[in-house]
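Student: Next up, model_3.txt (compact mmCIF, C-alpha atoms).
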# COMPACT_ATOMS: atom_id res chain seq x y z
CA MET G 6 11.78 6.72 -16.21
CA LEU G 7 11.00 5.27 -12.78
CA GLY G 8 14.61 5.59 -11.70
CA LYS G 9 16.67 3.23 -9.59
CA ARG G 10 14.93 3.59 -6.23
CA ILE G 11 11.21 2.84 -5.85
CA LEU G 12 9.08 2.97 -2.72
CA LEU G 13 5.63 1.40 -2.57
CA VAL G 14 3.32 2.52 0.22
CA GLY G 15 0.38 0.36 1.29
CA ALA G 16 -2.18 0.75 4.02
CA HIS G 17 -2.12 -2.92 5.02
CA ALA G 18 0.06 -5.97 4.58
CA ASP G 19 -0.86 -7.55 1.19
CA ASP G 20 -2.12 -4.31 -0.47
CA VAL G 21 1.12 -3.71 -2.35
CA GLU G 22 1.57 -7.36 -3.33
CA LEU G 23 -1.98 -7.65 -4.68
CA ASN G 24 -1.78 -4.50 -6.76
CA ALA G 25 1.86 -4.37 -7.85
CA GLY G 26 3.57 -7.62 -6.89
CA GLY G 27 4.46 -8.67 -10.42
CA SER G 28 5.91 -5.26 -11.23
CA ILE G 29 7.96 -5.28 -8.03
CA HIS G 30 9.49 -8.61 -9.06
CA LYS G 31 10.23 -7.24 -12.53
CA TRP G 32 11.81 -4.06 -11.20
CA CYS G 33 13.97 -5.93 -8.70
CA ASN G 34 15.20 -8.22 -11.48
CA GLU G 35 16.08 -5.12 -13.48
CA GLY G 36 18.43 -4.08 -10.68
CA ARG G 37 16.26 -1.40 -9.09
CA GLU G 38 16.15 -0.96 -5.32
CA VAL G 39 12.57 -1.51 -4.18
CA GLU G 40 11.29 -0.94 -0.66
CA VAL G 41 7.80 -1.32 0.83
CA ALA G 42 6.20 0.65 3.65
CA ILE G 43 3.04 -0.62 5.36
CA LEU G 44 1.27 2.03 7.44
CA ALA G 45 -1.01 -0.27 9.46
CA GLY G 46 1.61 -2.91 10.07
CA HIS G 47 2.76 -2.34 13.62
CA GLN G 48 0.08 -4.12 15.63
CA SER G 49 0.19 -7.54 13.96
CA ARG G 50 3.45 -9.45 14.23
CA VAL G 51 1.93 -12.24 12.13
CA ARG G 52 1.12 -9.97 9.20
CA HIS G 53 4.50 -8.25 9.47
CA GLU G 54 6.24 -11.61 9.18
CA GLU G 55 3.99 -12.49 6.25
CA SER G 56 4.97 -9.19 4.60
CA LYS G 57 8.65 -10.00 4.95
CA THR G 58 8.13 -13.46 3.46
CA ALA G 59 6.13 -11.98 0.59
CA GLY G 60 8.83 -9.37 0.02
CA ALA G 61 11.48 -12.08 -0.15
CA HIS G 62 9.52 -13.81 -2.93
CA LEU G 63 9.51 -10.56 -4.90
CA GLY G 64 13.09 -9.47 -4.20
CA VAL G 65 12.17 -6.44 -2.04
CA HIS G 66 15.15 -4.89 -0.30
CA ARG G 67 13.31 -3.84 2.86
CA VAL G 68 9.80 -3.88 4.35
CA TYR G 69 8.81 -1.23 6.90
CA SER G 70 5.87 -1.69 9.27
CA LEU G 71 4.79 1.64 10.73
CA GLY G 72 2.68 2.43 13.76
CA GLY G 73 -0.78 2.97 12.34
CA ARG G 74 -3.93 1.27 13.60
CA ASP G 75 -5.97 -0.79 11.16
CA THR G 76 -9.12 1.06 9.96
CA ALA G 77 -8.02 4.21 11.82
CA LEU G 78 -4.89 5.50 10.08
CA HIS G 79 -6.32 9.02 10.10
CA GLU G 80 -5.83 9.12 13.89
CA SER G 81 -2.04 9.11 13.48
CA PHE G 82 -1.78 11.03 10.21
CA ASN G 83 1.03 13.40 11.24
CA ASP G 84 3.10 10.73 12.97
CA LEU G 85 2.83 8.42 9.97
CA LEU G 86 3.69 11.26 7.61
CA SER G 87 6.82 12.03 9.60
CA GLU G 88 7.89 8.37 9.56
CA LEU G 89 7.26 8.04 5.84
CA GLU G 90 9.10 11.26 5.03
CA SER G 91 12.17 9.81 6.74
CA ILE G 92 11.90 6.60 4.70
CA VAL G 93 11.55 8.56 1.44
CA ALA G 94 14.56 10.70 2.32
CA ASN G 95 16.76 7.79 3.42
CA LEU G 96 15.98 5.82 0.27
CA MET G 97 16.37 8.94 -1.90
CA ALA G 98 13.37 7.61 -3.79
CA ASP G 99 12.98 8.37 -7.48
CA THR G 100 9.42 7.04 -7.55
CA VAL G 101 6.69 6.55 -4.95
CA ILE G 102 3.64 4.39 -5.67
CA SER G 103 0.55 4.14 -3.49
CA HIS G 104 -3.23 3.78 -3.44
CA PHE G 105 -5.70 5.45 -5.79
CA HIS G 106 -6.99 8.71 -4.32
CA ALA G 107 -10.66 7.75 -4.82
CA ASP G 108 -10.41 4.27 -3.30
CA THR G 109 -13.42 3.21 -1.25
CA HIS G 110 -11.47 1.99 1.80
CA GLN G 111 -10.87 4.71 4.37
CA ASP G 112 -7.34 3.52 5.19
CA HIS G 113 -6.40 3.44 1.52
CA VAL G 114 -7.52 7.04 1.05
CA THR G 115 -5.59 8.14 4.13
CA THR G 116 -2.52 6.28 2.89
CA TYR G 117 -2.73 8.07 -0.46
CA LYS G 118 -2.86 11.44 1.32
CA ILE G 119 0.12 10.58 3.49
CA ALA G 120 2.13 9.12 0.59
CA VAL G 121 1.52 12.01 -1.80
CA ALA G 122 2.52 14.49 0.92
CA ALA G 123 5.66 12.55 1.83
CA ALA G 124 6.56 12.33 -1.88
CA ARG G 125 6.00 15.98 -2.73
CA LYS G 126 9.69 16.43 -3.62
CA VAL G 127 10.00 13.06 -5.40
CA SER G 128 10.23 13.07 -9.20
CA ASN G 129 7.56 10.47 -9.93
CA PHE G 130 4.29 9.50 -8.25
CA LEU G 131 1.95 6.73 -9.39
CA MET G 132 -1.18 5.05 -8.04
CA PHE G 133 -1.90 1.35 -8.42
CA LYS G 134 -5.19 -0.08 -9.58
CA PRO G 135 -7.53 -0.76 -6.63
CA THR G 136 -8.72 -4.30 -6.04
CA TYR G 137 -12.30 -5.40 -5.31
CA PRO G 138 -14.07 -4.40 -3.11
CA SER G 139 -11.96 -1.26 -2.67
CA GLY G 140 -12.07 -0.29 -6.34
CA ARG G 141 -15.72 0.71 -6.62
CA PRO G 142 -15.77 4.54 -6.42
CA ASP G 143 -17.84 6.97 -8.44
CA ILE G 144 -14.56 8.49 -9.69
CA PRO G 145 -13.11 5.89 -12.08
CA PHE G 146 -9.51 4.73 -11.98
CA GLN G 147 -7.81 5.85 -15.22
CA PRO G 148 -5.01 3.44 -16.12
CA ASN G 149 -2.43 5.22 -18.25
CA VAL G 150 0.67 3.24 -17.29
CA VAL G 151 0.83 -0.46 -18.21
CA SER G 152 3.44 -2.74 -16.70
CA LEU G 153 3.76 -5.88 -18.83
CA LEU G 154 4.76 -8.96 -16.88
CA SER G 155 6.31 -12.33 -17.62
CA ARG G 156 4.94 -15.61 -16.31
CA SER G 157 7.91 -15.63 -13.92
CA ASN G 158 6.82 -12.23 -12.54
CA MET G 159 3.29 -13.55 -12.05
CA ASP G 160 4.46 -16.73 -10.38
CA ALA G 161 6.45 -14.63 -7.90
CA LYS G 162 3.38 -12.46 -7.30
CA LEU G 163 1.22 -15.52 -6.61
CA ARG G 164 3.81 -16.85 -4.16
CA ALA G 165 3.83 -13.48 -2.42
CA ILE G 166 0.03 -13.36 -2.19
CA ASN G 167 -0.10 -16.89 -0.82
CA ALA G 168 2.43 -15.93 1.86
CA PHE G 169 -0.40 -14.07 3.62
CA GLU G 170 -1.79 -17.22 5.19
CA SER G 171 -3.78 -15.27 7.78
CA GLN G 172 -5.76 -13.60 4.98
CA ARG G 173 -6.29 -16.50 2.59
CA PRO G 174 -9.47 -17.90 4.22
CA LYS G 175 -11.12 -14.46 4.11
CA TYR G 176 -10.76 -14.35 0.32
CA GLY G 177 -11.46 -17.98 -0.55
CA ASP G 178 -7.98 -19.49 -0.23
CA ASP G 179 -6.72 -20.34 -3.75
CA SER G 180 -9.50 -18.26 -5.34
CA TRP G 181 -7.66 -15.14 -4.18
CA ALA G 182 -4.53 -15.75 -6.24
CA LEU G 183 -6.45 -17.20 -9.19
CA ALA G 184 -8.60 -14.06 -9.38
CA MET G 185 -5.51 -11.85 -9.51
CA LEU G 186 -4.08 -14.04 -12.29
CA ALA G 187 -7.28 -13.63 -14.31
CA VAL G 188 -7.32 -9.86 -13.74
CA SER G 189 -3.73 -9.53 -14.96
CA GLN G 190 -4.54 -11.44 -18.14
CA GLY G 191 -7.59 -9.30 -18.82
CA ASP G 192 -5.64 -6.10 -18.22
CA ALA G 193 -2.87 -7.20 -20.60
CA TRP G 194 -5.35 -7.70 -23.43
CA THR G 195 -7.57 -4.70 -22.66
CA TYR G 196 -4.81 -2.12 -22.19
CA ALA G 197 -1.87 -3.51 -24.17
CA GLY G 198 -3.46 -5.77 -26.79
CA VAL G 199 -1.30 -8.75 -25.88
CA HIS G 200 -1.92 -12.23 -24.53
CA GLY G 201 0.04 -12.17 -21.29
CA TYR G 202 -0.03 -10.43 -17.94
CA ALA G 203 -0.07 -6.81 -16.81
CA GLU G 204 -0.55 -4.50 -13.85
CA LEU G 205 -2.04 -1.05 -14.21
CA PHE G 206 -1.12 2.31 -12.70
CA GLN G 207 -2.44 5.85 -12.92
CA LEU G 208 0.15 8.55 -13.32
CA GLY G 209 0.15 11.32 -10.79
CA ARG G 210 3.46 12.96 -11.75
CA LEU G 211 6.38 12.13 -14.03
CA ARG G 212 9.65 14.01 -14.46
CA LEU G 213 11.19 13.61 -17.92
Show the structure stored in the file as structure tokens.

Tutor:
Amino acid sequence: MLGKRILLVGAHADDVELNAGGSIHKWCNEGREVEVAILAGHQSRVRHEESKTAGAHLGVHRVYSLGGRDTALHESFNDLLSELESIVANLMADTVISHFHADTHQDHVTTYKIAVAAARKVSNFLMFKPTYPSGRPDIPFQPNVVSLLSRSNMDAKLRAINAFESQRPKYGDDSWALAMLAVSQGDAWTYAGVHGYAELFQLGRLRL
């Protein structure tokens, strides 16, 4: 249903990997073409290089770093929208996945607005589950799409997360990846009734 070409849109380097890294690895192994666009990626060469390394662990075909400024993506809304529309068109995306619309980080909310506008002609649009502390809104995330993952998918996700060496100290080094592992196990049991791993999405639009 997701089609052959999938674009994930994150506000910052590591957002996509944290929230959908295991699924990206699974989709790439299924032969799908997966690309990643980071809206606040232009100013930091270090984080752009980390994004490319993380993408390589997952099998991503291409990582784009656009010209937005961290914590102020709203200032360049129209420019970022234009850039993202070009990426969507060039990929001929079947599915676009981005942040939850009620996320509590201002850049994540702006990224959702830009992504959903750029994807208005795309068949499928999904939102990934927000990660603490961004996932604490008064409007609850409603997971209705479950992506079951293998241990190999999770190992690739953990390698991708750990590629962001500049961010590891901020989140407790190894605690960062271990927390995501625990979350994926809890989500697999809570939403699929299986002992394993899962990532969650909320459906915005699906063409059958």

Student: When you count all atoms listed in the file, which of these residues is closest to Val150 in chain G: G:Ala165, G:Met6, G:Ala18, G:Ala77?

Tutor: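 Of the candidates, the smallest distance to Val150 in chain G is held by G:Met6.
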
Student: Find the residues around range 187-198 of chain G up to 12 Å (all atoms listed in the file counted), leave out those fewer than 5 positions away in its own chain, and share them as a PDB file with C-alpha atoms, keeping the file's coordinate frame.

Tutor:
ATOM      1  CA  LEU G  23      -1.980  -7.650  -4.680  1.00  0.00           C
ATOM      2  CA  ASN G  24      -1.780  -4.500  -6.760  1.00  0.00           C
ATOM      3  CA  ALA G  25       1.860  -4.370  -7.850  1.00  0.00           C
ATOM      4  CA  GLY G  26       3.570  -7.620  -6.890  1.00  0.00           C
ATOM      5  CA  GLY G  27       4.460  -8.670 -10.420  1.00  0.00           C
ATOM      6  CA  SER G  28       5.910  -5.260 -11.230  1.00  0.00           C
ATOM      7  CA  LYS G 134      -5.190  -0.080  -9.580  1.00  0.00           C
ATOM      8  CA  PRO G 135      -7.530  -0.760  -6.630  1.00  0.00           C
ATOM      9  CA  THR G 136      -8.720  -4.300  -6.040  1.00  0.00           C
ATOM     10  CA  TYR G 137     -12.300  -5.400  -5.310  1.00  0.00           C
ATOM     11  CA  GLN G 147      -7.810   5.850 -15.220  1.00  0.00           C
ATOM     12  CA  PRO G 148      -5.010   3.440 -16.120  1.00  0.00           C
ATOM     13  CA  ASN G 149      -2.430   5.220 -18.250  1.00  0.00           C
ATOM     14  CA  VAL G 150       0.670   3.240 -17.290  1.00  0.00           C
ATOM     15  CA  VAL G 151       0.830  -0.460 -18.210  1.00  0.00           C
ATOM     16  CA  SER G 152       3.440  -2.740 -16.700  1.00  0.00           C
ATOM     17  CA  LEU G 153       3.760  -5.880 -18.830  1.00  0.00           C
ATOM     18  CA  LEU G 154       4.760  -8.960 -16.880  1.00  0.00           C
ATOM     19  CA  SER G 155       6.310 -12.330 -17.620  1.00  0.00           C
ATOM     20  CA  ARG G 156       4.940 -15.610 -16.310  1.00  0.00           C
ATOM     21  CA  ASN G 158       6.820 -12.230 -12.540  1.00  0.00           C
ATOM     22  CA  MET G 159       3.290 -13.550 -12.050  1.00  0.00           C
ATOM     23  CA  ASP G 160       4.460 -16.730 -10.380  1.00  0.00           C
ATOM     24  CA  LYS G 162       3.380 -12.460  -7.300  1.00  0.00           C
ATOM     25  CA  LEU G 163       1.220 -15.520  -6.610  1.00  0.00           C
ATOM     26  CA  SER G 180      -9.500 -18.260  -5.340  1.00  0.00           C
ATOM     27  CA  TRP G 181      -7.660 -15.140  -4.180  1.00  0.00           C
ATOM     28  CA  ALA G 182      -4.530 -15.750  -6.240  1.00  0.00           C
ATOM     29  CA  ALA G 203      -0.070  -6.810 -16.810  1.00  0.00           C
ATOM     30  CA  GLU G 204      -0.550  -4.500 -13.850  1.00  0.00           C
ATOM     31  CA  LEU G 205      -2.040  -1.050 -14.210  1.00  0.00           C
ATOM     32  CA  PHE G 206      -1.120   2.310 -12.700  1.00  0.00           C
TER      33      PHE G 206
END

Student: Measuring between all atoms listed in the file, which one of G:Ser70, G:Tyr117, G:Ala94, G:Ser81 shows the shortest distance to Arg52 in chain G?

Tutor: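 Residue with the minimum atom-to-atom distance to Arg52 in chain G: G:Ser70.
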
Student: Which residues are close to Val101 in chain G, i.e. within 12 Å by only C-alpha atoms, leaving aside same-chain residues fewer than 6 positions away? Reply as a PyMOL selection string.

Tutor: chain G and resi 7-15+21+39-42+89-90+92-94+117+119-133+206+208-211

Student: Could you jot down the CA of Asp108 in chain G to CA of Glu88 in chain G separation for me, Å, one decimal place?

Tutor: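 Pair CA of Asp108 in chain G / CA of Glu88 in chain G returns 22.7 Å.
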
Student: Tell me, as number ranges by chain, which residues lie within 6 Å of Ala45 in chain G, counting only C-alpha atoms; anything in the same chain fewer than 3 positions away does not count.

Tutor: G: 16-17, 73-75

Student: Using all atoms listed in the file for the distances, tell me which of G:Leu86, G:Leu44, G:Tyr69, G:Arg37 is nearest to Ala98 in chain G.

Tutor: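 With all atoms listed in the file as the atom set, the closest residue is G:Arg37.
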
Student: Taking into account only C-alpha atoms, which residue in the set G:Met185, G:Ile166, G:Ala161, G:Ala107 is nearest to Gly140 in chain G?

Tutor: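 Among G:Met185, G:Ile166, G:Ala161, G:Ala107, it is G:Ala107 that comes nearest to Gly140 in chain G.
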
Student: So how far away is CA of Asp112 in chain G from CA of Thr76 in chain G, in Å?

Tutor: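 We find that CA of Thr76 in chain G and CA of Asp112 in chain G lie 5.7 Å from each other.
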
Student: Separation of CA of Ser56 in chain G and CA of Tyr202 in chain G, in Å?

Tutor: 23.1 Å

Student: Choose the residue, out of G:Glu22, G:Ile102, G:Glu55, G:Thr116, that has the smallest atom-to-atom separation from Glu80 in chain G; count all atoms listed in the file.

Tutor: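 Smallest distance to Glu80 in chain G is found for G:Thr116.
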
Student: Let me have the centre and edge lengths in Å, one decimal, of the box along x, y and z around every listed atom of range 68-72 of chain G with 5 Å of margin on each side, as lines of an AutoDock Vina configuration file.

Tutor:
center_x = 6.2
center_y = -0.7
center_z = 9.1
size_x = 17.1
size_y = 16.3
size_z = 19.4

Student: Of the candidates G:Val51, G:Val68, G:Ala59, G:Cys33, which one gets nearest to Ser171 in chain G if we count only C-alpha atoms?

Tutor: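 Using only C-alpha atoms, the shortest distance to Ser171 in chain G belongs to G:Val51.
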